[in-house]
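Colleague: Below you'll find coords37.txt; it's compact mmCIF, N, CA and C atoms.
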# COMPACT_ATOMS: atom_id res chain seq x y z
N MET A 22 145.14 -42.89 80.22
CA MET A 22 144.76 -44.20 79.71
C MET A 22 144.32 -44.11 78.26
N MET A 23 143.82 -42.96 77.85
CA MET A 23 143.41 -42.80 76.45
C MET A 23 144.62 -42.97 75.52
N LEU A 24 145.77 -42.45 75.96
CA LEU A 24 146.98 -42.61 75.15
C LEU A 24 147.36 -44.09 75.04
N THR A 25 147.17 -44.83 76.11
CA THR A 25 147.44 -46.27 76.06
C THR A 25 146.59 -46.94 74.99
N PHE A 26 145.29 -46.59 74.94
CA PHE A 26 144.41 -47.20 73.95
C PHE A 26 144.79 -46.79 72.53
N LEU A 27 145.16 -45.53 72.34
CA LEU A 27 145.59 -45.08 71.02
C LEU A 27 146.84 -45.83 70.57
N LEU A 28 147.85 -45.89 71.44
CA LEU A 28 149.09 -46.58 71.08
C LEU A 28 148.87 -48.08 70.93
N ALA A 29 147.96 -48.65 71.72
CA ALA A 29 147.64 -50.08 71.58
C ALA A 29 147.02 -50.35 70.21
N ARG A 30 146.16 -49.44 69.73
CA ARG A 30 145.57 -49.61 68.39
C ARG A 30 146.65 -49.52 67.32
N VAL A 31 147.53 -48.53 67.44
CA VAL A 31 148.58 -48.34 66.43
C VAL A 31 149.56 -49.51 66.43
N PHE A 32 150.11 -49.84 67.59
CA PHE A 32 151.08 -50.93 67.67
C PHE A 32 150.43 -52.27 67.38
N GLY A 33 149.20 -52.45 67.86
CA GLY A 33 148.50 -53.70 67.63
C GLY A 33 148.28 -53.96 66.15
N THR A 34 147.79 -52.95 65.45
CA THR A 34 147.56 -53.09 64.01
C THR A 34 148.88 -53.34 63.28
N TYR A 35 149.91 -52.59 63.65
CA TYR A 35 151.22 -52.79 63.03
C TYR A 35 151.71 -54.23 63.25
N LEU A 36 151.61 -54.72 64.48
CA LEU A 36 152.09 -56.06 64.80
C LEU A 36 151.30 -57.14 64.07
N ILE A 37 150.00 -56.93 63.89
CA ILE A 37 149.21 -57.90 63.12
C ILE A 37 149.70 -57.96 61.68
N VAL A 38 149.86 -56.80 61.06
CA VAL A 38 150.32 -56.74 59.67
C VAL A 38 151.73 -57.33 59.56
N ALA A 39 152.62 -56.93 60.47
CA ALA A 39 154.00 -57.43 60.43
C ALA A 39 154.03 -58.94 60.67
N GLY A 40 153.25 -59.42 61.62
CA GLY A 40 153.22 -60.85 61.91
C GLY A 40 152.74 -61.66 60.72
N ILE A 41 151.68 -61.19 60.08
CA ILE A 41 151.17 -61.88 58.89
C ILE A 41 152.21 -61.85 57.78
N ALA A 42 152.85 -60.70 57.59
CA ALA A 42 153.87 -60.58 56.54
C ALA A 42 155.04 -61.54 56.79
N VAL A 43 155.48 -61.61 58.03
CA VAL A 43 156.60 -62.50 58.37
C VAL A 43 156.21 -63.95 58.15
N LEU A 44 155.02 -64.33 58.58
CA LEU A 44 154.58 -65.72 58.42
C LEU A 44 154.32 -66.07 56.95
N ALA A 45 153.75 -65.13 56.21
CA ALA A 45 153.39 -65.40 54.81
C ALA A 45 154.61 -65.31 53.88
N ARG A 46 155.59 -64.47 54.24
CA ARG A 46 156.74 -64.26 53.36
C ARG A 46 158.05 -64.56 54.08
N ARG A 47 158.07 -65.70 54.73
CA ARG A 47 159.22 -66.10 55.54
C ARG A 47 160.52 -66.07 54.75
N LYS A 48 160.53 -66.62 53.55
CA LYS A 48 161.76 -66.66 52.75
C LYS A 48 162.24 -65.26 52.38
N PHE A 49 161.30 -64.39 52.06
CA PHE A 49 161.65 -63.00 51.75
C PHE A 49 162.29 -62.33 52.97
N VAL A 50 161.68 -62.53 54.14
CA VAL A 50 162.20 -61.92 55.37
C VAL A 50 163.60 -62.45 55.68
N MET A 51 163.79 -63.75 55.54
CA MET A 51 165.10 -64.33 55.80
C MET A 51 166.15 -63.77 54.83
N SER A 52 165.77 -63.61 53.57
CA SER A 52 166.67 -63.05 52.57
C SER A 52 166.99 -61.59 52.88
N ALA A 53 165.96 -60.84 53.26
CA ALA A 53 166.15 -59.41 53.58
C ALA A 53 167.08 -59.25 54.78
N LEU A 54 166.94 -60.10 55.78
CA LEU A 54 167.82 -60.02 56.94
C LEU A 54 169.27 -60.29 56.56
N GLY A 55 169.47 -61.18 55.60
CA GLY A 55 170.83 -61.44 55.12
C GLY A 55 171.44 -60.21 54.47
N GLY A 56 170.66 -59.46 53.72
CA GLY A 56 171.15 -58.25 53.08
C GLY A 56 171.31 -57.09 54.03
N TYR A 57 170.60 -57.13 55.15
CA TYR A 57 170.64 -56.05 56.13
C TYR A 57 172.04 -55.86 56.71
N VAL A 58 172.76 -56.94 56.91
CA VAL A 58 174.10 -56.88 57.52
C VAL A 58 175.04 -56.04 56.67
N ASP A 59 174.90 -56.11 55.36
CA ASP A 59 175.81 -55.38 54.47
C ASP A 59 175.35 -53.95 54.18
N ASP A 60 174.15 -53.60 54.56
CA ASP A 60 173.59 -52.27 54.26
C ASP A 60 173.82 -51.31 55.42
N LYS A 61 174.98 -50.70 55.47
CA LYS A 61 175.34 -49.81 56.58
C LYS A 61 174.43 -48.58 56.64
N PHE A 62 174.10 -48.00 55.48
CA PHE A 62 173.21 -46.84 55.47
C PHE A 62 171.83 -47.22 56.00
N GLY A 63 171.33 -48.37 55.59
CA GLY A 63 170.03 -48.85 56.07
C GLY A 63 170.04 -49.05 57.57
N GLN A 64 171.12 -49.60 58.10
CA GLN A 64 171.24 -49.79 59.55
C GLN A 64 171.21 -48.45 60.28
N LEU A 65 171.90 -47.47 59.71
CA LEU A 65 171.95 -46.14 60.33
C LEU A 65 170.57 -45.50 60.34
N VAL A 66 169.87 -45.56 59.23
CA VAL A 66 168.53 -44.97 59.14
C VAL A 66 167.57 -45.68 60.10
N ILE A 67 167.60 -47.00 60.10
CA ILE A 67 166.73 -47.76 61.00
C ILE A 67 167.02 -47.42 62.46
N SER A 68 168.30 -47.32 62.80
CA SER A 68 168.66 -47.01 64.19
C SER A 68 168.20 -45.61 64.59
N PHE A 69 168.34 -44.63 63.69
CA PHE A 69 167.87 -43.28 64.01
C PHE A 69 166.36 -43.25 64.25
N PHE A 70 165.62 -43.89 63.36
CA PHE A 70 164.16 -43.91 63.52
C PHE A 70 163.74 -44.67 64.78
N ALA A 71 164.42 -45.78 65.07
CA ALA A 71 164.08 -46.56 66.26
C ALA A 71 164.34 -45.75 67.53
N VAL A 72 165.47 -45.05 67.58
CA VAL A 72 165.79 -44.23 68.75
C VAL A 72 164.78 -43.10 68.90
N ILE A 73 164.48 -42.40 67.82
CA ILE A 73 163.54 -41.28 67.89
C ILE A 73 162.15 -41.74 68.29
N LEU A 74 161.64 -42.78 67.63
CA LEU A 74 160.30 -43.27 67.96
C LEU A 74 160.28 -43.84 69.38
N GLY A 75 161.32 -44.59 69.74
CA GLY A 75 161.39 -45.13 71.10
C GLY A 75 161.42 -44.04 72.15
N LEU A 76 162.22 -43.00 71.94
CA LEU A 76 162.28 -41.88 72.89
C LEU A 76 160.93 -41.16 72.99
N PHE A 77 160.26 -41.02 71.85
CA PHE A 77 158.94 -40.39 71.86
C PHE A 77 157.99 -41.18 72.76
N ILE A 78 157.93 -42.48 72.55
CA ILE A 78 157.02 -43.32 73.32
C ILE A 78 157.40 -43.32 74.80
N VAL A 79 158.69 -43.46 75.08
CA VAL A 79 159.15 -43.49 76.47
C VAL A 79 158.81 -42.17 77.17
N ASN A 80 158.89 -41.06 76.46
CA ASN A 80 158.62 -39.76 77.09
C ASN A 80 157.14 -39.44 77.24
N VAL A 81 156.30 -40.00 76.40
CA VAL A 81 154.86 -39.70 76.53
C VAL A 81 154.10 -40.83 77.20
N HIS A 82 154.70 -42.01 77.29
CA HIS A 82 153.96 -43.15 77.84
C HIS A 82 154.88 -44.08 78.61
N THR A 83 155.08 -43.80 79.87
CA THR A 83 155.81 -44.72 80.74
C THR A 83 154.86 -45.09 81.86
N LEU A 84 153.94 -45.99 81.56
CA LEU A 84 152.94 -46.45 82.52
C LEU A 84 153.12 -47.95 82.71
N TRP A 85 153.01 -48.39 83.95
CA TRP A 85 153.20 -49.80 84.28
C TRP A 85 152.01 -50.31 85.10
N THR A 86 150.86 -49.67 84.95
CA THR A 86 149.71 -49.96 85.82
C THR A 86 148.87 -51.14 85.36
N THR A 87 148.73 -51.33 84.07
CA THR A 87 147.93 -52.44 83.53
C THR A 87 148.77 -53.19 82.50
N LEU A 88 148.32 -54.37 82.12
CA LEU A 88 149.06 -55.14 81.12
C LEU A 88 149.17 -54.39 79.80
N PRO A 89 148.08 -53.82 79.25
CA PRO A 89 148.23 -53.08 77.99
C PRO A 89 149.19 -51.89 78.11
N ALA A 90 149.10 -51.15 79.22
CA ALA A 90 150.00 -50.01 79.41
C ALA A 90 151.44 -50.47 79.51
N THR A 91 151.67 -51.57 80.21
CA THR A 91 153.01 -52.12 80.34
C THR A 91 153.56 -52.56 78.99
N LEU A 92 152.73 -53.23 78.18
CA LEU A 92 153.17 -53.68 76.86
C LEU A 92 153.52 -52.50 75.96
N VAL A 93 152.72 -51.45 75.99
CA VAL A 93 153.01 -50.25 75.19
C VAL A 93 154.32 -49.62 75.65
N SER A 94 154.51 -49.50 76.96
CA SER A 94 155.76 -48.93 77.49
C SER A 94 156.96 -49.79 77.12
N LEU A 95 156.82 -51.11 77.24
CA LEU A 95 157.90 -52.01 76.86
C LEU A 95 158.23 -51.89 75.37
N PHE A 96 157.20 -51.70 74.55
CA PHE A 96 157.41 -51.52 73.12
C PHE A 96 158.29 -50.30 72.87
N GLY A 97 158.01 -49.21 73.57
CA GLY A 97 158.82 -47.99 73.43
C GLY A 97 160.26 -48.20 73.88
N TRP A 98 160.44 -48.85 75.03
CA TRP A 98 161.79 -49.11 75.52
C TRP A 98 162.53 -50.06 74.59
N ALA A 99 161.84 -51.06 74.06
CA ALA A 99 162.48 -52.01 73.14
C ALA A 99 162.95 -51.31 71.87
N LEU A 100 162.11 -50.42 71.34
CA LEU A 100 162.51 -49.66 70.14
C LEU A 100 163.75 -48.81 70.43
N PHE A 101 163.71 -48.09 71.54
CA PHE A 101 164.83 -47.23 71.90
C PHE A 101 166.11 -48.05 72.05
N LEU A 102 166.05 -49.13 72.81
CA LEU A 102 167.25 -49.95 73.05
C LEU A 102 167.74 -50.63 71.78
N LYS A 103 166.82 -51.05 70.93
CA LYS A 103 167.23 -51.66 69.66
C LYS A 103 167.98 -50.64 68.81
N GLY A 104 167.46 -49.41 68.74
CA GLY A 104 168.13 -48.37 67.97
C GLY A 104 169.52 -48.06 68.51
N VAL A 105 169.64 -47.97 69.83
CA VAL A 105 170.94 -47.71 70.45
C VAL A 105 171.90 -48.87 70.17
N PHE A 106 171.39 -50.11 70.27
CA PHE A 106 172.23 -51.28 69.99
C PHE A 106 172.75 -51.24 68.56
N ILE A 107 171.86 -50.96 67.60
CA ILE A 107 172.28 -50.94 66.19
C ILE A 107 173.33 -49.85 65.97
N MET A 108 173.16 -48.70 66.63
CA MET A 108 174.11 -47.59 66.48
C MET A 108 175.47 -47.91 67.08
N LEU A 109 175.47 -48.54 68.25
CA LEU A 109 176.71 -48.65 69.02
C LEU A 109 177.40 -50.01 68.95
N ALA A 110 176.68 -51.06 68.61
CA ALA A 110 177.28 -52.40 68.60
C ALA A 110 178.26 -52.52 67.44
N PRO A 111 179.34 -53.24 67.66
CA PRO A 111 180.28 -53.49 66.56
C PRO A 111 179.58 -54.28 65.44
N ASP A 112 180.05 -54.08 64.23
CA ASP A 112 179.45 -54.76 63.07
C ASP A 112 179.46 -56.28 63.24
N SER A 113 180.52 -56.81 63.85
CA SER A 113 180.61 -58.26 64.01
C SER A 113 179.51 -58.78 64.93
N LEU A 114 179.20 -58.06 66.00
CA LEU A 114 178.13 -58.47 66.92
C LEU A 114 176.77 -58.35 66.26
N ASN A 115 176.57 -57.27 65.53
CA ASN A 115 175.31 -57.07 64.80
C ASN A 115 175.10 -58.20 63.79
N ALA A 116 176.15 -58.56 63.08
CA ALA A 116 176.07 -59.64 62.09
C ALA A 116 175.77 -60.97 62.77
N LYS A 117 176.39 -61.20 63.93
CA LYS A 117 176.16 -62.43 64.68
C LYS A 117 174.70 -62.53 65.14
N MET A 118 174.16 -61.41 65.62
CA MET A 118 172.76 -61.38 66.10
C MET A 118 171.81 -61.65 64.93
N VAL A 119 172.06 -61.04 63.79
CA VAL A 119 171.21 -61.26 62.62
C VAL A 119 171.29 -62.72 62.20
N LYS A 120 172.49 -63.29 62.21
CA LYS A 120 172.66 -64.69 61.81
C LYS A 120 171.87 -65.62 62.73
N VAL A 121 171.93 -65.37 64.02
CA VAL A 121 171.22 -66.22 64.98
C VAL A 121 169.71 -66.09 64.82
N PHE A 122 169.22 -64.85 64.72
CA PHE A 122 167.77 -64.62 64.72
C PHE A 122 167.13 -64.68 63.34
N SER A 123 167.90 -64.98 62.30
CA SER A 123 167.29 -65.11 60.98
C SER A 123 167.05 -66.57 60.60
N LYS A 124 167.19 -67.45 61.56
CA LYS A 124 166.88 -68.86 61.32
C LYS A 124 165.37 -69.05 61.25
N ARG A 125 164.96 -70.07 60.51
CA ARG A 125 163.54 -70.32 60.26
C ARG A 125 162.71 -70.37 61.54
N ALA A 126 163.19 -71.06 62.56
CA ALA A 126 162.42 -71.21 63.81
C ALA A 126 162.19 -69.86 64.47
N TYR A 127 163.21 -69.01 64.50
CA TYR A 127 163.06 -67.69 65.10
C TYR A 127 162.11 -66.82 64.29
N ILE A 128 162.22 -66.88 62.98
CA ILE A 128 161.36 -66.08 62.12
C ILE A 128 159.90 -66.47 62.34
N MET A 129 159.62 -67.76 62.36
CA MET A 129 158.25 -68.23 62.56
C MET A 129 157.74 -67.84 63.95
N ALA A 130 158.59 -68.00 64.97
CA ALA A 130 158.20 -67.63 66.34
C ALA A 130 157.95 -66.12 66.43
N ASP A 131 158.82 -65.32 65.82
CA ASP A 131 158.63 -63.86 65.82
C ASP A 131 157.31 -63.47 65.17
N GLY A 132 157.02 -64.09 64.03
CA GLY A 132 155.78 -63.78 63.33
C GLY A 132 154.56 -64.14 64.16
N LEU A 133 154.60 -65.30 64.80
CA LEU A 133 153.48 -65.75 65.62
C LEU A 133 153.31 -64.87 66.86
N ILE A 134 154.41 -64.55 67.52
CA ILE A 134 154.36 -63.68 68.70
C ILE A 134 153.82 -62.30 68.32
N ALA A 135 154.30 -61.75 67.21
CA ALA A 135 153.82 -60.45 66.75
C ALA A 135 152.32 -60.49 66.47
N LEU A 136 151.88 -61.55 65.82
CA LEU A 136 150.46 -61.69 65.49
C LEU A 136 149.61 -61.76 66.75
N LEU A 137 150.01 -62.58 67.70
CA LEU A 137 149.23 -62.73 68.94
C LEU A 137 149.25 -61.46 69.79
N LEU A 138 150.42 -60.85 69.93
CA LEU A 138 150.54 -59.62 70.69
C LEU A 138 149.75 -58.50 70.02
N GLY A 139 149.82 -58.44 68.70
CA GLY A 139 149.06 -57.44 67.96
C GLY A 139 147.56 -57.63 68.11
N ALA A 140 147.11 -58.88 68.08
CA ALA A 140 145.68 -59.15 68.26
C ALA A 140 145.22 -58.69 69.64
N TYR A 141 146.03 -58.99 70.66
CA TYR A 141 145.67 -58.57 72.02
C TYR A 141 145.62 -57.05 72.14
N LEU A 142 146.69 -56.37 71.68
CA LEU A 142 146.72 -54.92 71.79
C LEU A 142 145.61 -54.26 70.99
N SER A 143 145.34 -54.77 69.81
CA SER A 143 144.25 -54.22 68.99
C SER A 143 142.91 -54.41 69.67
N ALA A 144 142.69 -55.59 70.22
CA ALA A 144 141.42 -55.86 70.90
C ALA A 144 141.23 -54.93 72.09
N VAL A 145 142.30 -54.71 72.85
CA VAL A 145 142.21 -53.77 73.98
C VAL A 145 142.03 -52.35 73.48
N GLY A 146 142.82 -51.97 72.50
CA GLY A 146 142.77 -50.59 71.98
C GLY A 146 141.42 -50.24 71.39
N TYR A 147 140.79 -51.18 70.70
CA TYR A 147 139.50 -50.93 70.06
C TYR A 147 138.32 -51.29 70.97
N GLY A 148 138.62 -51.64 72.22
CA GLY A 148 137.57 -51.90 73.20
C GLY A 148 136.83 -53.21 73.00
N LEU A 149 137.46 -54.18 72.37
CA LEU A 149 136.81 -55.47 72.15
C LEU A 149 136.91 -56.38 73.37
N ILE A 150 137.91 -56.12 74.22
CA ILE A 150 138.03 -56.87 75.48
C ILE A 150 138.35 -55.91 76.61
Take the structure in the file and write it out as structure tokens.
Modeller:
Amino acid sequence: MMLTFLLARVFGTYLIVAGIAVLARRKFVMSALGGYVDDKFGQLVISFFAVILGLFIVNVHTLWTTLPATLVSLFGWALFLKGVFIMLAPDSLNAKMVKVFSKRAYIMADGLIALLLGAYLSAVGYGLI
């Protein structure tokens, strides 16, 4: 359970920062996502890191006993699967996914979800709740 709290602090803090950045710099994020489709090297690097980090989390933390443990485990699986998708999906599908999810409503929802999830994980990780 100590590992759950450590990972909840790390992921929670990251999600708070990322959520605030997405909400505060929505236009920048939307622009960056547009450039991501054309950056093949960037996609490759992101996919490698996502697979490695996801595999690390999946191998050290696959717990489904409590909500925080489940969220941390899901975070690891999501990273791993996202990395595999980026590596293996055809460019046309990747471009289609970016086009769909780079709309203003999705960006705002992603930022808000990240912020709320990060606040919850941080609060649990730091023993506030």
Colleague: Would you please work out which residue, of A:Gly139, A:Gly56, A:Gly104, A:Pro89, is nearest to Tyr35 of chain A when using only N, CA and C atoms?
Modeller: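 Once distances to Tyr35 of chain A are computed over only N, CA and C atoms, the minimum belongs to A:Gly139.
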Colleague: Residues near Val31 of chain A, anyone? I mean within 9 Å using only C-alpha atoms, not counting same-chain ones fewer than 4 positions away, as a short mmCIF file (atom, residue, chain, number, x, y, z; two decimals) with N, CA and C atoms, in the coordinates of the input.
Modeller:
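Final file, result14.cif:
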data_model
loop_
_atom_site.label_atom_id
_atom_site.label_comp_id
_atom_site.auth_asym_id
_atom_site.auth_seq_id
_atom_site.Cartn_x
_atom_site.Cartn_y
_atom_site.Cartn_z
N PHE A 26 145.29 -46.59 74.94
CA PHE A 26 144.41 -47.20 73.95
C PHE A 26 144.79 -46.79 72.53
N LEU A 27 145.16 -45.53 72.34
CA LEU A 27 145.59 -45.08 71.02
C LEU A 27 146.84 -45.83 70.57
N TYR A 35 149.91 -52.59 63.65
CA TYR A 35 151.22 -52.79 63.03
C TYR A 35 151.71 -54.23 63.25
N LEU A 36 151.61 -54.72 64.48
CA LEU A 36 152.09 -56.06 64.80
C LEU A 36 151.30 -57.14 64.07
N LEU A 142 146.69 -56.37 71.68
CA LEU A 142 146.72 -54.92 71.79
C LEU A 142 145.61 -54.26 70.99
N SER A 143 145.34 -54.77 69.81
CA SER A 143 144.25 -54.22 68.99
C SER A 143 142.91 -54.41 69.67
N GLY A 146 142.82 -51.97 72.50
CA GLY A 146 142.77 -50.59 71.98
C GLY A 146 141.42 -50.24 71.39
#
Colleague: Which residues come within 5 Å of segment 76-83 of chain A, counting all atoms listed in the file, excluding same-chain residues fewer than 2 positions away, as a ChimeraX atom specification?
Modeller: /A:72-74,85,97,101
Colleague: Only N, CA and C atoms, please: the residues just picked out, written as a tab-separated table (two decimals), in the frame of the given file.
Modeller:
chain	number	residue	atom	x	y	z
A	72	VAL	N	165.47	-45.05	67.58
A	72	VAL	CA	165.79	-44.23	68.75
A	72	VAL	C	164.78	-43.10	68.90
A	73	ILE	N	164.48	-42.40	67.82
A	73	ILE	CA	163.54	-41.28	67.89
A	73	ILE	C	162.15	-41.74	68.29
A	74	LEU	N	161.64	-42.78	67.63
A	74	LEU	CA	160.30	-43.27	67.96
A	74	LEU	C	160.28	-43.84	69.38
A	85	TRP	N	153.01	-48.39	83.95
A	85	TRP	CA	153.20	-49.80	84.28
A	85	TRP	C	152.01	-50.31	85.10
A	97	GLY	N	158.01	-49.21	73.57
A	97	GLY	CA	158.82	-47.99	73.43
A	97	GLY	C	160.26	-48.20	73.88
A	101	PHE	N	163.71	-48.09	71.54
A	101	PHE	CA	164.83	-47.23	71.90
A	101	PHE	C	166.11	-48.05	72.05
Colleague: Between atom CA of Leu102 of chain A and atom C of Ser68 of chain A, what is the spacing in Å?
Modeller: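 That distance, rounded to one decimal, is 9.6 Å.
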Colleague: With all atoms listed in the file counted and 8 Å as the cut-off, give the residues of segment 69-130 of chain A in contact with segment 52-55 of chain A, each with its shortest interatomic distance in Å and the pair that gives it, as JSON lines.
Modeller:
{"residue": "A:Val119", "atom": "CA", "partner": "A:Leu54", "partner_atom": "C", "distance": 6.4}
{"residue": "A:Lys120", "atom": "N", "partner": "A:Leu54", "partner_atom": "C", "distance": 7.2}
{"residue": "A:Phe122", "atom": "C", "partner": "A:Leu54", "partner_atom": "CA", "distance": 7.9}
{"residue": "A:Ser123", "atom": "CA", "partner": "A:Leu54", "partner_atom": "CA", "distance": 6.5}
Colleague: Restricting the calculation to all atoms listed in the file, which member of A:Val93, A:Leu114, A:Leu44, A:Leu133 is positioned closest to Leu28 of chain A?
Modeller: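 Nearest candidate to Leu28 of chain A out of A:Val93, A:Leu114, A:Leu44, A:Leu133: A:Val93.
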Colleague: Could you check how far atom N of Phe96 of chain A sits from atom C of Ala71 of chain A, in Å to one decimal?
Modeller: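 Atom-to-atom, atom N of Phe96 of chain A to atom C of Ala71 of chain A, that is 11.6 Å.
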